[in-house]
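> Next comes model.cif, mmCIF, C-alpha atoms:
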data_run
loop_
_atom_site.label_atom_id
_atom_site.label_comp_id
_atom_site.auth_asym_id
_atom_site.auth_seq_id
_atom_site.Cartn_x
_atom_site.Cartn_y
_atom_site.Cartn_z
CA MET A 1 -29.34 6.64 7.51
CA THR A 2 -27.82 4.68 4.59
CA ASP A 3 -27.00 5.92 1.10
CA ALA A 4 -27.36 2.39 -0.34
CA ARG A 5 -29.18 2.09 -3.67
CA ILE A 6 -30.60 -0.61 -5.88
CA GLY A 7 -29.37 -0.98 -9.46
CA TYR A 8 -32.70 -0.05 -11.03
CA GLY A 9 -32.15 2.80 -13.48
CA THR A 10 -28.61 1.81 -14.51
CA ILE A 11 -27.90 2.53 -18.18
CA TYR A 12 -25.40 0.60 -20.36
CA GLU A 13 -24.38 2.24 -23.63
CA ILE A 14 -21.97 1.50 -26.47
CA PHE A 15 -20.59 4.22 -28.74
CA ASP A 16 -21.63 3.93 -32.38
CA PRO A 17 -19.37 5.89 -34.76
CA THR A 18 -21.40 4.79 -37.81
CA LEU A 19 -24.42 6.98 -36.98
CA THR A 20 -24.98 10.22 -38.89
CA THR A 21 -24.13 11.94 -35.62
CA PRO A 22 -21.85 9.50 -33.75
CA ALA A 23 -23.18 8.92 -30.23
CA PHE A 24 -23.58 6.48 -27.37
CA VAL A 25 -26.52 4.13 -27.93
CA GLU A 26 -28.36 2.64 -24.95
CA LEU A 27 -28.71 -1.15 -25.00
CA ALA A 28 -32.25 -2.41 -24.47
CA GLU A 29 -33.45 -4.57 -21.58
CA VAL A 30 -30.24 -4.75 -19.55
CA ILE A 31 -30.87 -6.76 -16.37
CA ASN A 32 -27.45 -6.94 -14.71
CA VAL A 33 -24.13 -5.08 -15.02
CA THR A 34 -20.74 -6.08 -13.61
CA PRO A 35 -18.12 -3.34 -14.14
CA GLY A 36 -14.48 -4.29 -14.78
CA GLU A 37 -12.58 -5.91 -11.94
CA ALA A 38 -9.25 -4.09 -11.73
CA THR A 39 -6.16 -5.81 -10.38
CA ALA A 40 -2.58 -4.60 -10.07
CA ASP A 41 0.44 -6.79 -10.78
CA ARG A 42 2.51 -7.69 -7.73
CA ILE A 43 6.20 -7.35 -8.62
CA ASP A 44 8.78 -9.17 -6.50
CA ALA A 45 11.43 -6.59 -5.58
CA THR A 46 13.29 -8.79 -3.07
CA HIS A 47 17.06 -8.33 -2.96
CA MET A 48 20.04 -9.76 -1.09
CA GLN A 49 19.61 -7.28 1.78
CA SER A 50 15.79 -7.43 2.15
CA PRO A 51 15.00 -6.96 5.86
CA ASN A 52 14.61 -10.13 7.96
CA ARG A 53 14.87 -12.45 4.91
CA ARG A 54 11.40 -11.32 3.84
CA ARG A 55 10.17 -10.82 0.30
CA GLU A 56 9.38 -7.26 -0.75
CA TYR A 57 6.84 -6.27 -3.37
CA ILE A 58 5.94 -3.20 -5.40
CA SER A 59 2.76 -2.51 -7.34
CA GLY A 60 2.94 -3.05 -11.09
CA LEU A 61 0.61 -2.29 -13.96
CA ILE A 62 -3.16 -2.20 -13.49
CA ASP A 63 -5.36 -4.50 -15.56
CA ASN A 64 -9.02 -3.42 -15.68
CA GLY A 65 -9.91 -7.02 -16.56
CA GLU A 66 -13.28 -8.01 -17.88
CA ALA A 67 -16.71 -6.50 -17.45
CA SER A 68 -20.04 -8.07 -18.30
CA PHE A 69 -23.71 -7.30 -18.65
CA GLU A 70 -26.83 -9.41 -19.07
CA ILE A 71 -29.84 -8.64 -21.22
CA ASN A 72 -33.26 -10.03 -21.94
CA TRP A 73 -32.23 -11.49 -25.27
CA VAL A 74 -34.50 -10.66 -28.20
CA PRO A 75 -33.08 -12.28 -31.37
CA GLY A 76 -32.93 -9.78 -34.24
CA SER A 77 -33.47 -6.71 -32.04
CA ASN A 78 -31.29 -3.63 -32.51
CA THR A 79 -29.35 -4.54 -29.35
CA ASP A 80 -28.81 -8.13 -30.56
CA VAL A 81 -27.62 -6.97 -33.99
CA ARG A 82 -25.25 -4.36 -32.53
CA ILE A 83 -23.71 -6.85 -30.10
CA ARG A 84 -23.31 -9.53 -32.81
CA ASP A 85 -21.70 -7.00 -35.19
CA LEU A 86 -19.21 -5.87 -32.54
CA PHE A 87 -18.46 -9.46 -31.52
CA GLU A 88 -17.84 -10.54 -35.12
CA SER A 89 -15.65 -7.52 -35.94
CA GLY A 90 -13.60 -7.64 -32.73
CA GLU A 91 -13.74 -3.84 -32.76
CA THR A 92 -12.79 -1.92 -29.62
CA VAL A 93 -15.20 0.92 -28.87
CA GLU A 94 -16.23 3.04 -25.90
CA HIS A 95 -18.68 1.58 -23.40
CA ARG A 96 -20.40 3.68 -20.73
CA ILE A 97 -22.27 2.79 -17.56
CA THR A 98 -24.48 5.42 -15.95
CA PHE A 99 -25.24 4.50 -12.36
CA PRO A 100 -28.59 5.23 -10.70
CA GLY A 101 -28.96 8.03 -8.21
CA PRO A 102 -29.72 11.70 -7.89
CA ALA A 103 -28.30 14.19 -10.39
CA PRO A 104 -25.57 14.46 -11.32
CA ARG A 105 -25.42 10.72 -11.97
CA VAL A 106 -22.01 9.04 -11.86
CA THR A 107 -20.65 7.44 -15.06
CA VAL A 108 -17.72 5.24 -15.98
CA THR A 109 -16.49 5.05 -19.58
CA TYR A 110 -13.93 2.60 -20.96
CA GLU A 111 -12.67 1.15 -24.22
CA ALA A 112 -13.64 -2.50 -24.62
CA SER A 113 -14.15 -5.28 -27.12
CA ILE A 114 -16.78 -7.99 -26.85
CA ILE A 115 -15.11 -11.33 -26.16
CA GLY A 116 -18.13 -13.42 -25.16
CA PHE A 117 -21.80 -13.60 -26.16
CA SER A 118 -23.51 -16.44 -24.28
CA LYS A 119 -27.21 -17.03 -24.83
CA ALA A 120 -29.66 -19.01 -22.64
CA ILE A 121 -32.95 -20.30 -24.04
CA PRO A 122 -34.82 -22.08 -21.20
CA ILE A 123 -38.09 -23.89 -21.74
CA ASP A 124 -39.88 -22.13 -18.89
CA ASP A 125 -38.26 -18.71 -18.47
CA ARG A 126 -37.16 -15.68 -20.48
CA MET A 127 -34.30 -15.88 -22.97
CA THR A 128 -31.20 -14.04 -21.73
CA ALA A 129 -27.67 -13.34 -22.92
CA THR A 130 -24.48 -12.55 -21.04
CA ILE A 131 -22.00 -10.34 -22.85
CA THR A 132 -18.40 -10.28 -21.65
CA VAL A 133 -16.06 -7.45 -22.64
CA ALA A 134 -12.30 -7.04 -22.31
CA VAL A 135 -11.54 -3.59 -20.92
CA SER A 136 -8.54 -1.86 -22.49
CA GLY A 137 -6.73 1.07 -20.90
CA ALA A 138 -7.94 3.39 -18.18
CA GLU A 139 -11.49 3.97 -17.03
CA THR A 140 -12.80 7.52 -17.01
CA TRP A 141 -15.10 8.40 -14.13
CA GLY A 142 -17.37 11.42 -14.42
CA THR A 143 -20.96 12.60 -14.29
CA ALA A 144 -23.79 12.40 -16.79
CA ALA A 145 -24.72 15.53 -18.73
#
Starting from the file, give its structure as structure tokens.

Amino acid sequence: MTDARIGYGTIYEIFDPTLTTPAFVELAEVINVTPGEATADRIDATHMQSPNRRREYISGLIDNGEASFEINWVPGSNTDVRIRDLFESGETVEHRITFPGPAPRVTVTYEASIIGFSKAIPIDDRMTATITVAVSGAETWGTAA
């Protein structure tokens, strides 16, 4: 038996410190989420006595890269306004993904700034937007309350 799941039920939230009670706010109509793609630097540590004239490497710093999510774009909606405000300000805030599944649900939280806001307005389909974020620092994995 498999434990595979579909993405239905995933939640994408962005922290809003300007609220009376600062909290994570769920973005509306998210249709796709791509978490950050971490890579580690590969540092050449080869020296004059490296065995068999072969290069040697050590792991360097980890870069959590970029993450993205897509939404059904509704111009002027609360989600649209929040994303535009964050994009214009360049502010780095906490983002959180809550994955689908039985309780307790797994979450990943990371600091990120919005670096791309690409909108598509087709003649014969729904309007969508892809938001790209630059992840800064470490991810924190946990479970939803």
> Counting all atoms listed in the file, which of A:Thr20, A:Ser136, A:Thr107, A:Thr46 gets nearest to Val93 of chain A?
A:Ser136
> Do you have the atom CA of Ser59 of chain A-atom CA of Glu37 of chain A distance handy?
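Atom CA of Ser59 of chain A sits 16.4 Å away from atom CA of Glu37 of chain A.
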> Please expand the PyMOL selection byres ((chain A and resi 27) around 9) into the concrete residues it hits in this file, giving the result as an MDAnalysis selection string.
chainID A and resid 11:14 25:26 28:30 71 78:80 82
> Taking the file as I've supplied it (selection: the PyMOL selection byres ((chain A and resi 131) around 9)), which residues are included? Please answer as a ChimeraX atom specification.
/A:67-71,83,114-119,129-130,132-133
> Could you check how far atom CA of Ala40 of chain A sits from atom CA of Asn64 of chain A, in Å to one decimal?
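According to the coordinates, atom CA of Ala40 of chain A and atom CA of Asn64 of chain A are separated by 8.6 Å.
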> Applying 7 Å and all atoms listed in the file, which residues near Tyr8 of chain A remain after dropping the ones on its own chain fewer than 2 positions away? List them as JSON, numbers by chain.
{"A": [6, 10, 100]}
> Rank A:Ile123, A:Ala38, A:Val74, A:Met48 by their smallest atom-to-atom distance to Glu139 of chain A, using all atoms listed in the file, and report the top residue only.
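Among the listed residues, A:Ala38 lies closest to Glu139 of chain A.
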> Mind giving me the straight-line distance from atom CA of His95 of chain A to atom CA of Val135 of chain A in Å, one decimal?
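We find that atom CA of His95 of chain A and atom CA of Val135 of chain A lie 9.2 Å from each other.
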